[in-house]
$ cat entry-v7.txt   # compact mmCIF, N, CA and C atoms
# COMPACT_ATOMS: atom_id res chain seq x y z
N MET C 1 239.27 150.82 13.91
CA MET C 1 240.12 150.67 12.75
C MET C 1 241.55 151.04 13.08
N ALA C 2 241.73 152.10 13.84
CA ALA C 2 243.08 152.53 14.17
C ALA C 2 243.75 151.57 15.14
N LEU C 3 242.97 151.01 16.07
CA LEU C 3 243.53 150.11 17.06
C LEU C 3 244.11 148.85 16.42
N TYR C 4 243.42 148.29 15.44
CA TYR C 4 243.89 147.08 14.78
C TYR C 4 244.56 147.36 13.43
N ARG C 5 244.73 148.62 13.10
CA ARG C 5 245.40 149.04 11.87
C ARG C 5 244.75 148.42 10.62
N LEU C 6 243.43 148.58 10.53
CA LEU C 6 242.68 148.09 9.39
C LEU C 6 242.30 149.25 8.48
N ASN C 7 242.34 149.00 7.17
CA ASN C 7 241.83 150.04 6.29
C ASN C 7 240.31 149.98 6.30
N ILE C 8 239.67 151.00 5.76
CA ILE C 8 238.22 151.12 5.86
C ILE C 8 237.50 150.01 5.11
N LEU C 9 238.05 149.53 4.01
CA LEU C 9 237.39 148.46 3.26
C LEU C 9 237.41 147.15 4.03
N LEU C 10 238.55 146.81 4.62
CA LEU C 10 238.63 145.59 5.41
C LEU C 10 237.75 145.68 6.65
N ALA C 11 237.77 146.83 7.31
CA ALA C 11 236.94 147.02 8.50
C ALA C 11 235.45 146.91 8.15
N SER C 12 235.05 147.45 7.02
CA SER C 12 233.66 147.35 6.58
C SER C 12 233.29 145.90 6.29
N GLY C 13 234.18 145.18 5.67
CA GLY C 13 233.93 143.77 5.38
C GLY C 13 233.80 142.95 6.65
N LEU C 14 234.67 143.19 7.62
CA LEU C 14 234.58 142.48 8.89
C LEU C 14 233.30 142.84 9.64
N ALA C 15 232.91 144.09 9.56
CA ALA C 15 231.66 144.51 10.21
C ALA C 15 230.47 143.79 9.58
N LYS C 16 230.49 143.61 8.27
CA LYS C 16 229.40 142.89 7.60
C LYS C 16 229.36 141.43 8.06
N ALA C 17 230.51 140.81 8.19
CA ALA C 17 230.56 139.42 8.64
C ALA C 17 230.04 139.29 10.07
N MET C 18 230.42 140.19 10.94
CA MET C 18 229.96 140.16 12.32
C MET C 18 228.47 140.45 12.40
N ASN C 19 227.99 141.35 11.58
CA ASN C 19 226.57 141.67 11.54
C ASN C 19 225.76 140.46 11.08
N PHE C 20 226.25 139.76 10.06
CA PHE C 20 225.58 138.55 9.60
C PHE C 20 225.51 137.51 10.70
N THR C 21 226.60 137.33 11.43
CA THR C 21 226.64 136.35 12.51
C THR C 21 225.62 136.68 13.59
N SER C 22 225.54 137.93 13.99
CA SER C 22 224.57 138.31 15.02
C SER C 22 223.14 138.19 14.51
N ASN C 23 222.91 138.54 13.25
CA ASN C 23 221.56 138.42 12.68
C ASN C 23 221.13 136.96 12.57
N PHE C 24 222.04 136.10 12.17
CA PHE C 24 221.72 134.68 12.05
C PHE C 24 221.41 134.08 13.42
N THR C 25 222.19 134.46 14.42
CA THR C 25 221.95 133.98 15.77
C THR C 25 220.59 134.45 16.28
N SER C 26 220.26 135.70 15.99
CA SER C 26 218.94 136.22 16.39
C SER C 26 217.83 135.48 15.67
N LEU C 27 218.01 135.21 14.38
CA LEU C 27 216.99 134.48 13.61
C LEU C 27 216.73 133.11 14.22
N VAL C 28 217.79 132.39 14.53
CA VAL C 28 217.64 131.06 15.12
C VAL C 28 216.92 131.15 16.47
N THR C 29 217.32 132.11 17.28
CA THR C 29 216.72 132.26 18.61
C THR C 29 215.23 132.58 18.50
N PHE C 30 214.88 133.57 17.66
CA PHE C 30 213.48 133.93 17.52
C PHE C 30 212.66 132.84 16.84
N ALA C 31 213.26 132.09 15.93
CA ALA C 31 212.55 130.98 15.28
C ALA C 31 212.22 129.89 16.29
N ILE C 32 213.15 129.59 17.16
CA ILE C 32 212.91 128.59 18.20
C ILE C 32 211.78 129.04 19.13
N LEU C 33 211.74 130.34 19.42
CA LEU C 33 210.70 130.88 20.30
C LEU C 33 209.39 131.15 19.58
N GLY C 34 209.39 131.08 18.24
CA GLY C 34 208.17 131.29 17.47
C GLY C 34 207.74 132.74 17.35
N HIS C 35 208.68 133.66 17.38
CA HIS C 35 208.37 135.09 17.34
C HIS C 35 208.85 135.74 16.04
N ILE C 36 208.49 135.18 14.91
CA ILE C 36 208.96 135.72 13.63
C ILE C 36 207.77 136.02 12.73
N ASP C 37 207.76 137.22 12.17
CA ASP C 37 206.83 137.57 11.09
C ASP C 37 207.59 137.28 9.80
N TRP C 38 207.33 136.09 9.21
CA TRP C 38 208.13 135.61 8.10
C TRP C 38 208.05 136.50 6.86
N VAL C 39 206.89 137.04 6.55
CA VAL C 39 206.74 137.89 5.36
C VAL C 39 207.58 139.16 5.52
N LEU C 40 207.43 139.81 6.66
CA LEU C 40 208.21 141.02 6.91
C LEU C 40 209.70 140.72 6.94
N GLY C 41 210.07 139.64 7.61
CA GLY C 41 211.48 139.27 7.71
C GLY C 41 212.11 138.95 6.38
N LEU C 42 211.40 138.18 5.55
CA LEU C 42 211.95 137.84 4.23
C LEU C 42 212.03 139.06 3.33
N THR C 43 211.04 139.95 3.41
CA THR C 43 211.10 141.19 2.63
C THR C 43 212.30 142.04 3.05
N MET C 44 212.49 142.17 4.35
CA MET C 44 213.64 142.93 4.85
C MET C 44 214.96 142.26 4.45
N GLY C 45 214.99 140.92 4.48
CA GLY C 45 216.19 140.20 4.09
C GLY C 45 216.56 140.41 2.64
N VAL C 46 215.56 140.38 1.77
CA VAL C 46 215.82 140.62 0.33
C VAL C 46 216.34 142.03 0.12
N CYS C 47 215.72 143.00 0.77
CA CYS C 47 216.18 144.39 0.63
C CYS C 47 217.59 144.56 1.20
N LEU C 48 217.89 143.88 2.29
CA LEU C 48 219.22 143.93 2.88
C LEU C 48 220.26 143.35 1.93
N MET C 49 219.91 142.23 1.28
CA MET C 49 220.86 141.62 0.34
C MET C 49 221.10 142.53 -0.87
N ILE C 50 220.07 143.18 -1.37
CA ILE C 50 220.24 144.11 -2.49
C ILE C 50 221.14 145.26 -2.07
N GLY C 51 220.89 145.82 -0.89
CA GLY C 51 221.72 146.92 -0.40
C GLY C 51 223.17 146.51 -0.18
N ALA C 52 223.36 145.31 0.36
CA ALA C 52 224.72 144.81 0.58
C ALA C 52 225.44 144.59 -0.75
N PHE C 53 224.72 144.06 -1.72
CA PHE C 53 225.30 143.83 -3.04
C PHE C 53 225.74 145.15 -3.68
N VAL C 54 224.86 146.14 -3.66
CA VAL C 54 225.19 147.45 -4.24
C VAL C 54 226.35 148.09 -3.47
N GLY C 55 226.30 148.00 -2.13
CA GLY C 55 227.37 148.59 -1.32
C GLY C 55 228.72 147.92 -1.54
N ALA C 56 228.72 146.61 -1.61
CA ALA C 56 229.98 145.88 -1.81
C ALA C 56 230.57 146.18 -3.19
N HIS C 57 229.73 146.21 -4.20
CA HIS C 57 230.25 146.51 -5.54
C HIS C 57 230.70 147.96 -5.65
N SER C 58 230.03 148.87 -4.95
CA SER C 58 230.48 150.27 -4.94
C SER C 58 231.83 150.39 -4.24
N ALA C 59 232.00 149.66 -3.14
CA ALA C 59 233.26 149.70 -2.40
C ALA C 59 234.40 149.15 -3.25
N ILE C 60 234.13 148.06 -3.94
CA ILE C 60 235.18 147.47 -4.78
C ILE C 60 235.50 148.38 -5.96
N ARG C 61 234.46 148.94 -6.56
CA ARG C 61 234.67 149.76 -7.76
C ARG C 61 235.31 151.11 -7.46
N PHE C 62 234.81 151.79 -6.39
CA PHE C 62 235.25 153.16 -6.13
C PHE C 62 236.27 153.28 -5.01
N GLY C 63 236.41 152.28 -4.16
CA GLY C 63 237.42 152.27 -3.12
C GLY C 63 237.12 153.17 -1.95
N ALA C 64 238.15 153.39 -1.14
CA ALA C 64 238.02 154.14 0.11
C ALA C 64 237.67 155.60 -0.13
N LYS C 65 238.05 156.16 -1.25
CA LYS C 65 237.73 157.56 -1.52
C LYS C 65 236.23 157.78 -1.63
N PHE C 66 235.49 156.74 -1.99
CA PHE C 66 234.03 156.82 -2.05
C PHE C 66 233.41 156.41 -0.72
N ILE C 67 233.94 155.36 -0.11
CA ILE C 67 233.35 154.79 1.09
C ILE C 67 233.47 155.72 2.29
N ARG C 68 234.62 156.33 2.49
CA ARG C 68 234.84 157.15 3.68
C ARG C 68 233.83 158.30 3.79
N PRO C 69 233.61 159.12 2.74
CA PRO C 69 232.62 160.19 2.89
C PRO C 69 231.19 159.67 3.08
N VAL C 70 230.85 158.57 2.42
CA VAL C 70 229.52 157.99 2.61
C VAL C 70 229.37 157.51 4.04
N PHE C 71 230.37 156.83 4.55
CA PHE C 71 230.35 156.32 5.92
C PHE C 71 230.21 157.46 6.93
N VAL C 72 231.03 158.50 6.78
CA VAL C 72 230.99 159.63 7.71
C VAL C 72 229.63 160.33 7.64
N THR C 73 229.08 160.49 6.45
CA THR C 73 227.77 161.12 6.29
C THR C 73 226.68 160.31 6.97
N VAL C 74 226.65 159.01 6.72
CA VAL C 74 225.61 158.16 7.31
C VAL C 74 225.73 158.13 8.83
N VAL C 75 226.92 158.00 9.35
CA VAL C 75 227.12 157.97 10.80
C VAL C 75 226.72 159.31 11.42
N SER C 76 227.07 160.41 10.77
CA SER C 76 226.71 161.74 11.28
C SER C 76 225.20 161.94 11.31
N VAL C 77 224.53 161.57 10.22
CA VAL C 77 223.06 161.71 10.17
C VAL C 77 222.41 160.84 11.24
N LEU C 78 222.89 159.62 11.41
CA LEU C 78 222.34 158.74 12.42
C LEU C 78 222.58 159.29 13.82
N ALA C 79 223.75 159.84 14.08
CA ALA C 79 224.05 160.41 15.39
C ALA C 79 223.13 161.60 15.69
N VAL C 80 222.91 162.46 14.71
CA VAL C 80 222.02 163.61 14.89
C VAL C 80 220.59 163.13 15.15
N LYS C 81 220.14 162.14 14.40
CA LYS C 81 218.79 161.59 14.58
C LYS C 81 218.62 161.01 15.98
N LEU C 82 219.58 160.20 16.41
CA LEU C 82 219.49 159.59 17.73
C LEU C 82 219.55 160.64 18.84
N ALA C 83 220.40 161.64 18.69
CA ALA C 83 220.49 162.71 19.69
C ALA C 83 219.17 163.49 19.75
N TYR C 84 218.59 163.79 18.60
CA TYR C 84 217.32 164.50 18.56
C TYR C 84 216.23 163.69 19.26
N GLU C 85 216.16 162.41 18.94
CA GLU C 85 215.14 161.56 19.57
C GLU C 85 215.36 161.42 21.08
N ALA C 86 216.60 161.36 21.50
CA ALA C 86 216.90 161.19 22.92
C ALA C 86 216.62 162.46 23.72
N TRP C 87 216.89 163.63 23.13
CA TRP C 87 216.78 164.87 23.90
C TRP C 87 215.48 165.62 23.69
N PHE C 88 214.83 165.47 22.54
CA PHE C 88 213.67 166.31 22.26
C PHE C 88 212.36 165.56 22.10
N VAL C 89 212.38 164.37 21.56
CA VAL C 89 211.14 163.66 21.29
C VAL C 89 210.54 163.08 22.56
N SER C 90 211.35 162.60 23.46
CA SER C 90 210.83 161.94 24.66
C SER C 90 210.35 162.91 25.73
N LEU C 91 210.41 164.21 25.47
CA LEU C 91 209.99 165.18 26.49
C LEU C 91 208.50 165.19 26.68

$ encode --input "entry-v7.txt" --output "structure tokens"
Amino acid sequence: MALYRLNILLASGLAKAMNFTSNFTSLVTFAILGHIDWVLGLTMGVCLMIGAFVGAHSAIRFGAKFIRPVFVTVVSVLAVKLAYEAWFVSL
């Protein structure tokens, strides 16, 4: 964000667009190879769309003052989880 001088809302929106692009590419690739569990995938897709809808409307309604602490909290929890799994679970 700092390198390209983007605010957090624009950066989040761009991240969503890039994530969609990579997910769509993966879907096409796995569909061609025949490696898709359609029920699980469609269920996950519906839940993803609901989460994206709620997140986008929260970002628009509450702005960066709401998004920044949520983002930092989620990233921190994920980093702690990944560090725990990397250092303690695989022993």

$ residues_around --input "entry-v7.txt" --residues "segment 49-63 of chain C" --least-positions-apart "5" --cutoff "8 Å" --atoms "all atoms listed in the file" --output "mmCIF file with N, CA and C atoms, in the coordinates of the input"
data_model
loop_
_atom_site.group_PDB
_atom_site.id
_atom_site.type_symbol
_atom_site.label_atom_id
_atom_site.label_comp_id
_atom_site.auth_asym_id
_atom_site.auth_seq_id
_atom_site.Cartn_x
_atom_site.Cartn_y
_atom_site.Cartn_z
ATOM 1 N N ILE C 8 239.670 151.000 5.760
ATOM 2 C CA ILE C 8 238.220 151.120 5.860
ATOM 3 C C ILE C 8 237.500 150.010 5.110
ATOM 4 N N LEU C 9 238.050 149.530 4.010
ATOM 5 C CA LEU C 9 237.390 148.460 3.260
ATOM 6 C C LEU C 9 237.410 147.150 4.030
ATOM 7 N N THR C 43 211.040 139.950 3.410
ATOM 8 C CA THR C 43 211.100 141.190 2.630
ATOM 9 C C THR C 43 212.300 142.040 3.050
ATOM 10 N N MET C 44 212.490 142.170 4.350
ATOM 11 C CA MET C 44 213.640 142.930 4.850
ATOM 12 C C MET C 44 214.960 142.260 4.450
ATOM 13 N N ARG C 68 234.620 156.330 2.490
ATOM 14 C CA ARG C 68 234.840 157.150 3.680
ATOM 15 C C ARG C 68 233.830 158.300 3.790
#

$ atom_distance --input "entry-v7.txt" --atom1 "atom CA of Leu82 of chain C" --atom2 "atom CA of Ala64 of chain C"
26.1 Å

$ atom_distance --input "entry-v7.txt" --atom1 "atom CA of Pro69 of chain C" --atom2 "atom CA of Met18 of chain C"
22.3 Å

$ atom_distance --input "entry-v7.txt" --atom1 "atom CA of Ala79 of chain C" --atom2 "atom C of Arg5 of chain C"
24.4 Å

$ decode --input "entry-v7.txt" --residues "segment 29-50 of chain C" --atoms "N, CA and C atoms" --output "mmCIF file, in the first residue's frame"
data_model
loop_
_atom_site.group_PDB
_atom_site.id
_atom_site.type_symbol
_atom_site.label_atom_id
_atom_site.label_comp_id
_atom_site.auth_asym_id
_atom_site.auth_seq_id
_atom_site.Cartn_x
_atom_site.Cartn_y
_atom_site.Cartn_z
ATOM 1 N N THR C 29 -8.792 -24.386 -14.592
ATOM 2 C CA THR C 29 -7.747 -25.409 -14.672
ATOM 3 C C THR C 29 -8.218 -26.724 -14.064
ATOM 4 N N PHE C 30 -8.786 -26.666 -12.853
ATOM 5 C CA PHE C 30 -9.241 -27.896 -12.211
ATOM 6 C C PHE C 30 -10.443 -28.500 -12.923
ATOM 7 N N ALA C 31 -11.303 -27.683 -13.516
ATOM 8 C CA ALA C 31 -12.448 -28.203 -14.271
ATOM 9 C C ALA C 31 -11.971 -28.967 -15.502
ATOM 10 N N ILE C 32 -10.983 -28.436 -16.180
ATOM 11 C CA ILE C 32 -10.430 -29.114 -17.353
ATOM 12 C C ILE C 32 -9.822 -30.459 -16.956
ATOM 13 N N LEU C 33 -9.177 -30.492 -15.783
ATOM 14 C CA LEU C 33 -8.548 -31.726 -15.311
ATOM 15 C C LEU C 33 -9.539 -32.669 -14.622
ATOM 16 N N GLY C 34 -10.762 -32.195 -14.351
ATOM 17 C CA GLY C 34 -11.774 -33.033 -13.729
ATOM 18 C C GLY C 34 -11.579 -33.271 -12.246
ATOM 19 N N HIS C 35 -10.972 -32.335 -11.549
ATOM 20 C CA HIS C 35 -10.673 -32.484 -10.125
ATOM 21 C C HIS C 35 -11.492 -31.524 -9.268
ATOM 22 N N ILE C 36 -12.799 -31.495 -9.443
ATOM 23 C CA ILE C 36 -13.631 -30.559 -8.694
ATOM 24 C C ILE C 36 -14.726 -31.315 -7.958
ATOM 25 N N ASP C 37 -14.872 -31.020 -6.673
ATOM 26 C CA ASP C 37 -16.027 -31.472 -5.895
ATOM 27 C C ASP C 37 -17.039 -30.333 -5.980
ATOM 28 N N TRP C 38 -18.005 -30.464 -6.910
ATOM 29 C CA TRP C 38 -18.901 -29.361 -7.230
ATOM 30 C C TRP C 38 -19.766 -28.923 -6.056
ATOM 31 N N VAL C 39 -20.249 -29.847 -5.247
ATOM 32 C CA VAL C 39 -21.109 -29.483 -4.112
ATOM 33 C C VAL C 39 -20.312 -28.657 -3.102
ATOM 34 N N LEU C 40 -19.142 -29.142 -2.748
ATOM 35 C CA LEU C 40 -18.303 -28.409 -1.803
ATOM 36 C C LEU C 40 -17.892 -27.055 -2.378
ATOM 37 N N GLY C 41 -17.503 -27.044 -3.637
ATOM 38 C CA GLY C 41 -17.070 -25.803 -4.271
ATOM 39 C C GLY C 41 -18.167 -24.760 -4.357
ATOM 40 N N LEU C 42 -19.372 -25.197 -4.741
ATOM 41 C CA LEU C 42 -20.483 -24.243 -4.835
ATOM 42 C C LEU C 42 -20.901 -23.736 -3.453
ATOM 43 N N THR C 43 -20.868 -24.613 -2.449
ATOM 44 C CA THR C 43 -21.173 -24.179 -1.084
ATOM 45 C C THR C 43 -20.159 -23.140 -0.611
ATOM 46 N N MET C 44 -18.893 -23.413 -0.848
ATOM 47 C CA MET C 44 -17.846 -22.457 -0.468
ATOM 48 C C MET C 44 -17.996 -21.148 -1.246
ATOM 49 N N GLY C 45 -18.363 -21.244 -2.524
ATOM 50 C CA GLY C 45 -18.545 -20.044 -3.337
ATOM 51 C C GLY C 45 -19.671 -19.163 -2.829
ATOM 52 N N VAL C 46 -20.783 -19.788 -2.457
ATOM 53 C CA VAL C 46 -21.917 -19.016 -1.911
ATOM 54 C C VAL C 46 -21.513 -18.331 -0.609
ATOM 55 N N CYS C 47 -20.836 -19.062 0.261
ATOM 56 C CA CYS C 47 -20.388 -18.466 1.529
ATOM 57 C C CYS C 47 -19.379 -17.342 1.282
ATOM 58 N N LEU C 48 -18.512 -17.515 0.309
ATOM 59 C CA LEU C 48 -17.542 -16.479 -0.045
ATOM 60 C C LEU C 48 -18.247 -15.225 -0.543
ATOM 61 N N MET C 49 -19.276 -15.407 -1.369
ATOM 62 C CA MET C 49 -20.009 -14.244 -1.883
ATOM 63 C C MET C 49 -20.743 -13.506 -0.758
ATOM 64 N N ILE C 50 -21.316 -14.243 0.177
ATOM 65 C CA ILE C 50 -21.992 -13.605 1.311
ATOM 66 C C ILE C 50 -20.981 -12.817 2.136
#
